[in-house]
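Q: Enclosed is the structure file protein02.pdb (PDB, C-alpha atoms and all ligand atoms).
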```
MODEL        1
ATOM      1  CA  MET A   3     234.647-122.993  91.654
ATOM      2  CA  VAL A   4     233.448-126.518  90.988
ATOM      3  CA  TRP A   5     230.074-128.021  91.850
ATOM      4  CA  ILE A   6     229.225-131.693  91.875
ATOM      5  CA  VAL A   7     225.572-132.498  91.173
ATOM      6  CA  LYS A   8     224.579-135.741  92.881
ATOM      7  CA  LEU A   9     221.359-137.719  92.887
ATOM      8  CA  VAL A  10     220.533-139.437  96.166
ATOM      9  CA  SER A  11     217.957-142.206  96.016
ATOM     10  CA  ILE A  12     216.201-143.385  99.171
ATOM     11  CA  GLY A  13     215.191-147.042  99.233
ATOM     12  CA  ALA A  14     212.352-148.848 101.001
ATOM     13  CA  GLU A  15     214.433-149.198 104.181
ATOM     14  CA  ASP A  16     215.684-145.597 104.101
ATOM     15  CA  GLU A  17     219.033-146.661 102.687
ATOM     16  CA  GLU A  18     220.646-143.934 100.616
ATOM     17  CA  HIS A  19     222.511-144.394  97.370
ATOM     18  CA  SER A  20     224.336-141.477  95.827
ATOM     19  CA  THR A  21     225.345-141.088  92.172
ATOM     20  CA  GLU A  22     227.358-138.269  90.650
ATOM     21  CA  VAL A  23     225.479-136.778  87.710
ATOM     22  CA  MET A  24     227.680-133.906  86.587
ATOM     23  CA  ARG A  25     230.473-131.498  87.538
ATOM     24  CA  ILE A  26     230.058-127.809  86.823
ATOM     25  CA  ALA A  27     233.007-125.430  86.831
ATOM     26  CA  LYS A  28     232.437-121.659  86.919
ATOM     27  CA  PRO A  29     234.565-118.628  87.664
ATOM     28  CA  GLY A  30     233.951-117.105  91.091
ATOM     29  CA  ASN A  31     233.754-113.524  89.791
ATOM     30  CA  LEU A  32     230.962-111.954  87.769
ATOM     31  CA  THR A  33     232.948-109.813  85.337
ATOM     32  CA  ASP A  34     231.558-111.877  82.462
ATOM     33  CA  LEU A  35     227.754-112.224  82.597
ATOM     34  CA  ALA A  36     227.942-115.143  80.164
ATOM     35  CA  SER A  37     229.335-117.225  83.029
ATOM     36  CA  LEU A  38     226.471-116.383  85.402
ATOM     37  CA  GLY A  39     224.652-119.550  86.373
ATOM     38  CA  LEU A  40     223.940-122.425  84.017
ATOM     39  CA  THR A  41     224.082-122.149  80.251
ATOM     40  CA  LEU A  42     221.520-123.868  78.030
ATOM     41  CA  ALA A  43     224.087-126.529  77.100
ATOM     42  CA  GLU A  44     224.838-127.212  80.780
ATOM     43  CA  GLY A  45     221.130-127.353  81.577
ATOM     44  CA  LYS A  46     220.581-129.888  78.801
ATOM     45  CA  ARG A  47     223.511-132.038  79.998
ATOM     46  CA  LEU A  48     222.165-131.873  83.547
ATOM     47  CA  LEU A  49     218.646-132.934  82.499
ATOM     48  CA  ALA A  50     220.011-135.737  80.332
ATOM     49  CA  GLY A  51     222.219-136.969  83.196
ATOM     50  CA  VAL A  52     219.398-136.938  85.760
ATOM     51  CA  GLN A  53     217.097-138.686  83.282
ATOM     52  CA  ARG A  54     219.667-141.421  82.599
ATOM     53  CA  GLU A  55     220.256-142.115  86.292
ATOM     54  CA  ILE A  56     216.551-142.169  87.222
ATOM     55  CA  VAL A  57     215.636-144.443  84.298
ATOM     56  CA  ALA A  58     218.502-146.836  85.101
ATOM     57  CA  ALA A  59     217.335-147.062  88.738
ATOM     58  CA  GLN A  60     213.696-147.593  87.677
ATOM     59  CA  ALA A  61     214.778-150.356  85.280
ATOM     60  CA  ARG A  62     216.773-152.088  88.052
ATOM     61  CA  VAL A  63     213.720-152.126  90.340
ATOM     62  CA  HIS A  64     211.408-153.200  87.515
ATOM     63  CA  ALA A  65     213.728-156.086  86.538
ATOM     64  CA  VAL A  66     213.331-157.659  89.993
ATOM     65  CA  HIS A  67     209.699-158.604  89.280
ATOM     66  CA  ARG A  68     209.321-162.247  88.252
ATOM     67  CA  PRO A  69     206.124-163.081  86.408
ATOM     68  CA  ALA A  70     204.473-166.489  86.693
ATOM     69  CA  CYS A  71     204.400-168.654  83.565
ATOM     70  CA  ARG A  72     201.041-168.450  81.761
ATOM     71  CA  GLY A  73     201.224-172.158  80.967
ATOM     72  CA  CYS A  74     202.094-173.787  84.296
ATOM     73  CA  ALA A  75     202.089-170.864  86.812
ATOM     74  CA  ALA A  76     205.659-171.637  87.899
ATOM     75  CA  SER A  77     208.017-168.687  88.335
ATOM     76  CA  TYR A  78     209.939-167.762  85.206
ATOM     77  CA  ARG A  79     213.743-167.845  85.220
ATOM     78  CA  ILE A  80     215.782-165.062  83.626
ATOM     79  CA  LYS A  81     216.922-166.054  80.144
ATOM     80  CA  ASP A  82     218.937-162.963  79.211
ATOM     81  CA  TYR A  83     218.816-159.176  79.188
ATOM     82  CA  ARG A  84     217.817-156.911  76.302
ATOM     83  CA  GLN A  85     218.380-153.189  75.784
ATOM     84  CA  HIS A  86     215.277-151.195  74.822
ATOM     85  CA  ALA A  87     216.066-147.814  73.245
ATOM     86  CA  LEU A  88     213.582-145.070  73.980
ATOM     87  CA  ALA A  89     213.523-141.363  73.063
ATOM     88  CA  THR A  90     212.473-139.057  75.903
ATOM     89  CA  LEU A  91     212.189-135.286  76.177
ATOM     90  CA  PHE A  92     215.450-135.398  78.119
ATOM     91  CA  GLY A  93     217.481-137.597  75.838
ATOM     92  CA  GLN A  94     217.747-141.042  74.344
ATOM     93  CA  ILE A  95     217.799-143.699  77.043
ATOM     94  CA  ALA A  96     218.367-147.436  77.068
ATOM     95  CA  VAL A  97     216.294-149.586  79.425
ATOM     96  CA  ARG A  98     217.898-152.915  80.291
ATOM     97  CA  LEU A  99     215.204-155.501  80.995
ATOM     98  CA  PRO A 100     215.285-159.277  81.437
ATOM     99  CA  ARG A 101     213.561-161.823  79.229
ATOM    100  CA  PHE A 102     212.095-164.809  80.999
ATOM    101  CA  HIS A 103     212.059-168.483  80.224
ATOM    102  CA  CYS A 104     210.026-171.451  81.481
ATOM    103  CA  ALA A 105     211.952-174.710  81.070
ATOM    104  CA  ARG A 106     208.864-176.864  81.614
ATOM    105  CA  CYS A 107     206.766-175.189  78.884
ATOM    106  CA  ALA A 108     209.760-174.105  76.738
ATOM    107  CA  THR A 109     208.311-170.579  76.467
ATOM    108  CA  THR A 110     209.992-167.183  76.553
ATOM    109  CA  GLN A 111     208.452-163.926  77.673
ATOM    110  CA  ALA A 112     209.695-160.351  77.326
ATOM    111  CA  GLY A 113     209.945-157.997  80.325
ATOM    112  CA  VAL A 114     206.876-157.530  82.500
ATOM    113  CA  GLY A 115     204.564-154.759  81.341
ATOM    114  CA  TRP A 116     206.953-153.344  78.743
ATOM    115  CA  PRO A 117     205.241-152.268  75.493
ATOM    116  CA  PRO A 118     207.247-153.988  72.716
ATOM    117  CA  HIS A 119     206.984-151.418  69.894
ATOM    118  CA  VAL A 120     207.127-148.077  71.711
ATOM    119  CA  ARG A 121     210.080-145.897  70.669
ATOM    120  CA  LEU A 122     209.342-142.686  72.567
ATOM    121  CA  THR A 123     207.612-141.531  75.738
ATOM    122  CA  PRO A 124     204.000-140.244  75.548
ATOM    123  CA  GLU A 125     205.145-136.767  76.624
ATOM    124  CA  LEU A 126     207.685-136.438  73.793
ATOM    125  CA  ASP A 127     205.126-137.885  71.380
ATOM    126  CA  ARG A 128     202.568-135.232  72.363
ATOM    127  CA  LEU A 129     205.041-132.345  72.395
ATOM    128  CA  ARG A 130     206.333-133.245  68.936
ATOM    129  CA  ALA A 131     202.789-133.214  67.544
ATOM    130  CA  GLN A 132     202.054-129.859  69.256
ATOM    131  CA  PHE A 133     205.225-128.219  67.905
ATOM    132  CA  SER A 134     204.634-129.597  64.414
ATOM    133  CA  ALA A 135     201.114-128.171  64.463
ATOM    134  CA  LEU A 136     202.428-124.653  65.107
ATOM    135  CA  MET A 137     205.380-124.441  62.725
ATOM    136  CA  THR A 138     207.019-126.281  59.865
ATOM    137  CA  TYR A 139     208.296-129.755  60.627
ATOM    138  CA  ARG A 140     211.899-128.666  60.085
ATOM    139  CA  THR A 141     211.540-125.686  62.475
ATOM    140  CA  ALA A 142     209.792-127.905  65.024
ATOM    141  CA  ALA A 143     212.638-130.427  64.888
ATOM    142  CA  GLU A 144     215.266-127.670  65.218
ATOM    143  CA  MET A 145     213.442-125.986  68.085
ATOM    144  CA  LEU A 146     213.066-129.223  70.059
ATOM    145  CA  ALA A 147     216.763-129.955  69.600
ATOM    146  CA  GLN A 148     217.688-126.370  70.609
ATOM    147  CA  LEU A 149     215.713-126.373  73.847
ATOM    148  CA  PHE A 150     215.848-129.945  75.058
ATOM    149  CA  PRO A 151     218.456-132.709  75.113
ATOM    150  CA  VAL A 152     216.311-134.601  72.604
ATOM    151  CA  ASP A 153     218.740-136.537  70.469
ATOM    152  CA  ALA A 154     216.321-138.802  68.666
ATOM    153  CA  GLY A 155     213.006-138.487  66.905
ATOM    154  CA  THR A 156     213.516-134.891  65.765
ATOM    155  CA  ASP A 157     213.921-135.709  62.072
ATOM    156  CA  PRO A 158     211.498-133.398  60.139
ATOM    157  CA  GLU A 159     210.193-136.248  57.972
ATOM    158  CA  THR A 160     209.383-138.311  61.077
ATOM    159  CA  LEU A 161     207.604-135.303  62.614
ATOM    160  CA  ARG A 162     205.580-134.772  59.416
ATOM    161  CA  ARG A 163     204.503-138.419  59.260
ATOM    162  CA  HIS A 164     203.692-138.416  62.947
ATOM    163  CA  THR A 165     201.538-135.270  62.820
ATOM    164  CA  PHE A 166     199.527-136.722  59.923
ATOM    165  CA  LYS A 167     199.079-139.951  61.853
ATOM    166  CA  VAL A 168     197.732-138.100  64.906
ATOM    167  CA  ALA A 169     195.563-135.875  62.668
ATOM    168  CA  GLU A 170     194.121-138.923  60.894
ATOM    169  CA  SER A 171     192.984-140.379  64.194
ATOM    170  CA  LEU A 172     190.779-137.309  64.753
ATOM    171  CA  PRO A 173     187.213-137.198  63.370
ATOM    172  CA  VAL A 174     188.060-134.561  60.702
ATOM    173  CA  PRO A 175     189.011-135.401  57.095
ATOM    174  CA  VAL A 176     192.671-134.655  56.329
ATOM    175  CA  THR A 177     193.706-133.664  52.805
ATOM    176  CA  ALA A 178     197.104-132.347  51.631
ATOM    177  CA  GLU A 179     197.968-130.565  54.876
ATOM    178  CA  PRO A 180     196.311-131.043  58.282
ATOM    179  CA  ALA A 181     193.466-128.518  58.577
ATOM    180  CA  ALA A 182     193.941-125.561  60.931
ATOM    181  CA  SER A 183     191.159-126.868  63.174
ATOM    182  CA  VAL A 184     192.933-130.217  63.489
ATOM    183  CA  LEU A 185     196.239-128.531  64.231
ATOM    184  CA  SER A 186     194.750-126.273  66.891
ATOM    185  CA  ALA A 187     193.085-129.324  68.439
ATOM    186  CA  LEU A 188     196.527-130.897  68.655
ATOM    187  CA  ALA A 189     197.991-127.850  70.388
ATOM    188  CA  PRO A 190     195.272-126.526  72.682
ATOM    189  CA  ALA A 191     197.656-125.198  75.317
ATOM    190  CA  MET A 192     199.919-123.234  73.001
ATOM    191  CA  PRO A 193     199.310-119.800  71.406
ATOM    192  CA  SER A 194     198.565-119.909  67.689
ATOM    193  CA  ARG A 195     200.936-118.352  65.176
ATOM    194  CA  ALA A 196     198.280-115.846  64.067
ATOM    195  CA  ALA A 197     197.815-114.457  67.595
TER     196      ALA A 197
HETATM  197 ZN    ZN B 201     205.567-172.940  82.264
ENDMDL
END
```
What would the structure in this file look like if it were written as structure tokens?
Ligand SMILES: [Zn+2]
A:
Amino acid sequence: MVWIVKLVSIGAEDEEHSTEVMRIAKPGNLTDLASLGLTLAEGKRLLAGVQREIVAAQARVHAVHRPACRGCAASYRIKDYRQHALATLFGQIAVRLPRFHCARCATTQAGVGWPPHVRLTPELDRLRAQFSALMTYRTAAEMLAQLFPVDAGTDPETLRRHTFKVAESLPVPVTAEPAASVLSALAPAMPSRAA
């Protein structure tokens, strides 16, 4: 049997737009339990596919907004498009956003409301810090990659640096390793290793 997973978006005027996300092929009998339902790999591909489609649609809507020039208040014209790479819990995505130009003032502005130096979503940022607080950086990186279609930002050295950065922003002195109290503050919702 073959299933086609489709995403249907509904626009402002109830118009529907359908996109194929993934095809799943499975045997129709249950003699092999390993073929029952989705595997982890299929689940990760599905999440990554849905994430890609939703982000692409959000970027298309976002790109329609035209800011007014700060200098003369005229509407900016589109100069060109830039890809912004971003790591999310459900995979690396690329957001295509326009840059704007005002001919009168000879100024250029990046996409509306897009933070210029952000490389990952707040959720992935937080989850990475929580995982790194509970286990070694290498294990945290491996575990994230095992469970989620995270294909960026799971390098142990990056996780280590990041956890120290978050720990340093807390009002507790940090020495060689983040103190247990700091780490538990970073991961309040997760059970501690000692429990
Ligand atoms: Zn202007």
Q: Between A:Ala14, A:Ile56, A:Leu38, A:Ala76, which one has atoms that come closest to ligand ZN 201 (chain B), using only C-alpha atoms and all ligand atoms?
A: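 With only C-alpha atoms and all ligand atoms as the atom set, the closest residue is A:Ala76.
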Q: Report as a list in words which protein, DNA and RNA residues come within 12 Å of ligand ZN 201 (chain B), using only C-alpha atoms and all ligand atoms.
A: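 So the residues close to ligand ZN 201 (chain B) are Pro69, Ala70, Cys71, Arg72, Gly73, Cys74, Ala75, Ala76, Ser77, Tyr78, Arg79, Phe102, His103, Cys104, Ala105, Arg106, Cys107, Ala108, Thr109, Thr110 and Gln111 of chain A.
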Q: Please measure the separation of CA of Arg162 (chain A) and CA of Thr141 (chain A), giving the value in Å to one decimal.
A: 11.3 Å
Q: Could you jot down the CA of Ala50 (chain A) to CA of Phe133 (chain A) separation for me, Å, one decimal place?
A: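 Taking CA of Ala50 (chain A) and CA of Phe133 (chain A), their separation equals 20.7 Å.
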Q: Using the chain letters and numbering of this document, enumerate as a VMD selection string the residues selected by the PyMOL selection byres (((chain A and resi 23) around 9) and not hetatm).
A: chain A and resid 6 to 9 21 to 22 24 to 25 48 51 to 52 55
Q: Could you check which of A:Ala143, A:Leu136, A:Val4, A:Val97 is closest to Ala58 (chain A), using only C-alpha atoms?
A: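 Ranking A:Ala143, A:Leu136, A:Val4, A:Val97 by distance to Ala58 (chain A), first place goes to A:Val97.
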Q: Have a look at CA of Gly93 (chain A) and CA of Val63 (chain A) and let me know their distance in Å, one decimal.
A: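 Those two atoms sit 20.9 Å apart.
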Q: Which residues would end up in the selection if the PyMOL selection byres (((chain A and resi 99) around 6) and not hetatm) were applied here, given that I need the answer as a ChimeraX atom specification?
A: /A:65,83-84,98,100,113
Q: Would you list the contacts of Leu42 (chain A) as a tab-separated table (two decimals) with C-alpha atoms, in the coordinates of the input, taking every protein, DNA or RNA residue within 12 Å and counting only C-alpha atoms, but skipping same-chain residues closer than 6 positions in sequence?
A:
```
chain	number	residue	atom	x	y	z
A	36	ALA	CA	227.94	-115.14	80.16
A	48	LEU	CA	222.16	-131.87	83.55
A	49	LEU	CA	218.65	-132.93	82.50
A	147	ALA	CA	216.76	-129.96	69.60
A	148	GLN	CA	217.69	-126.37	70.61
A	149	LEU	CA	215.71	-126.37	73.85
A	150	PHE	CA	215.85	-129.94	75.06
A	151	PRO	CA	218.46	-132.71	75.11
```
Q: With distances taken over all atoms listed in the file, which of A:His19, A:Arg140, A:Arg68, A:Arg47 is nearest to Val152 (chain A)?
A: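 Using all atoms listed in the file, Val152 (chain A) sits closest to A:Arg47.
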Q: For the file shown, report as number ranges by chain the outcome of the PyMOL selection byres (((chain A and resi 119-121) around 7) and not hetatm) at residue level.
A: A: 87-89, 117-118, 122
Q: Those selected residues, please, written with C-alpha atoms and delivered as a compact mmCIF listing (two decimals), keeping the file's coordinate frame.
A:
```
# COMPACT_ATOMS: atom_id res chain seq x y z
CA ALA A 87 216.07 -147.81 73.24
CA LEU A 88 213.58 -145.07 73.98
CA ALA A 89 213.52 -141.36 73.06
CA PRO A 117 205.24 -152.27 75.49
CA PRO A 118 207.25 -153.99 72.72
CA LEU A 122 209.34 -142.69 72.57
```
Q: Just checking: using only C-alpha atoms, which residue out of A:Ser134, A:Gly39, A:Arg62, A:Thr90 ends up closest to Glu159 (chain A)?
A: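 Closest to Glu159 (chain A) of all the choices is A:Ser134.
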Q: Hey, which of A:Ala96, A:Ala135, A:Leu146, A:Leu126 ends up closest to Gln60 (chain A)? Count all atoms listed in the file.
A: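 Smallest separation from Gln60 (chain A) among the options: A:Ala96.
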Q: Would you compute an axis-aligned box for region 6-12 of chain A, covering every atom listed for it in the file with 3 Å of margin on each side, and report centre and edge lengths in Å to one decimal as AutoDock Vina command-line options?
A:
```
--center_x 222.7 --center_y -137.5 --center_z 95.2 --size_x 19.0 --size_y 17.7 --size_z 14.0
```
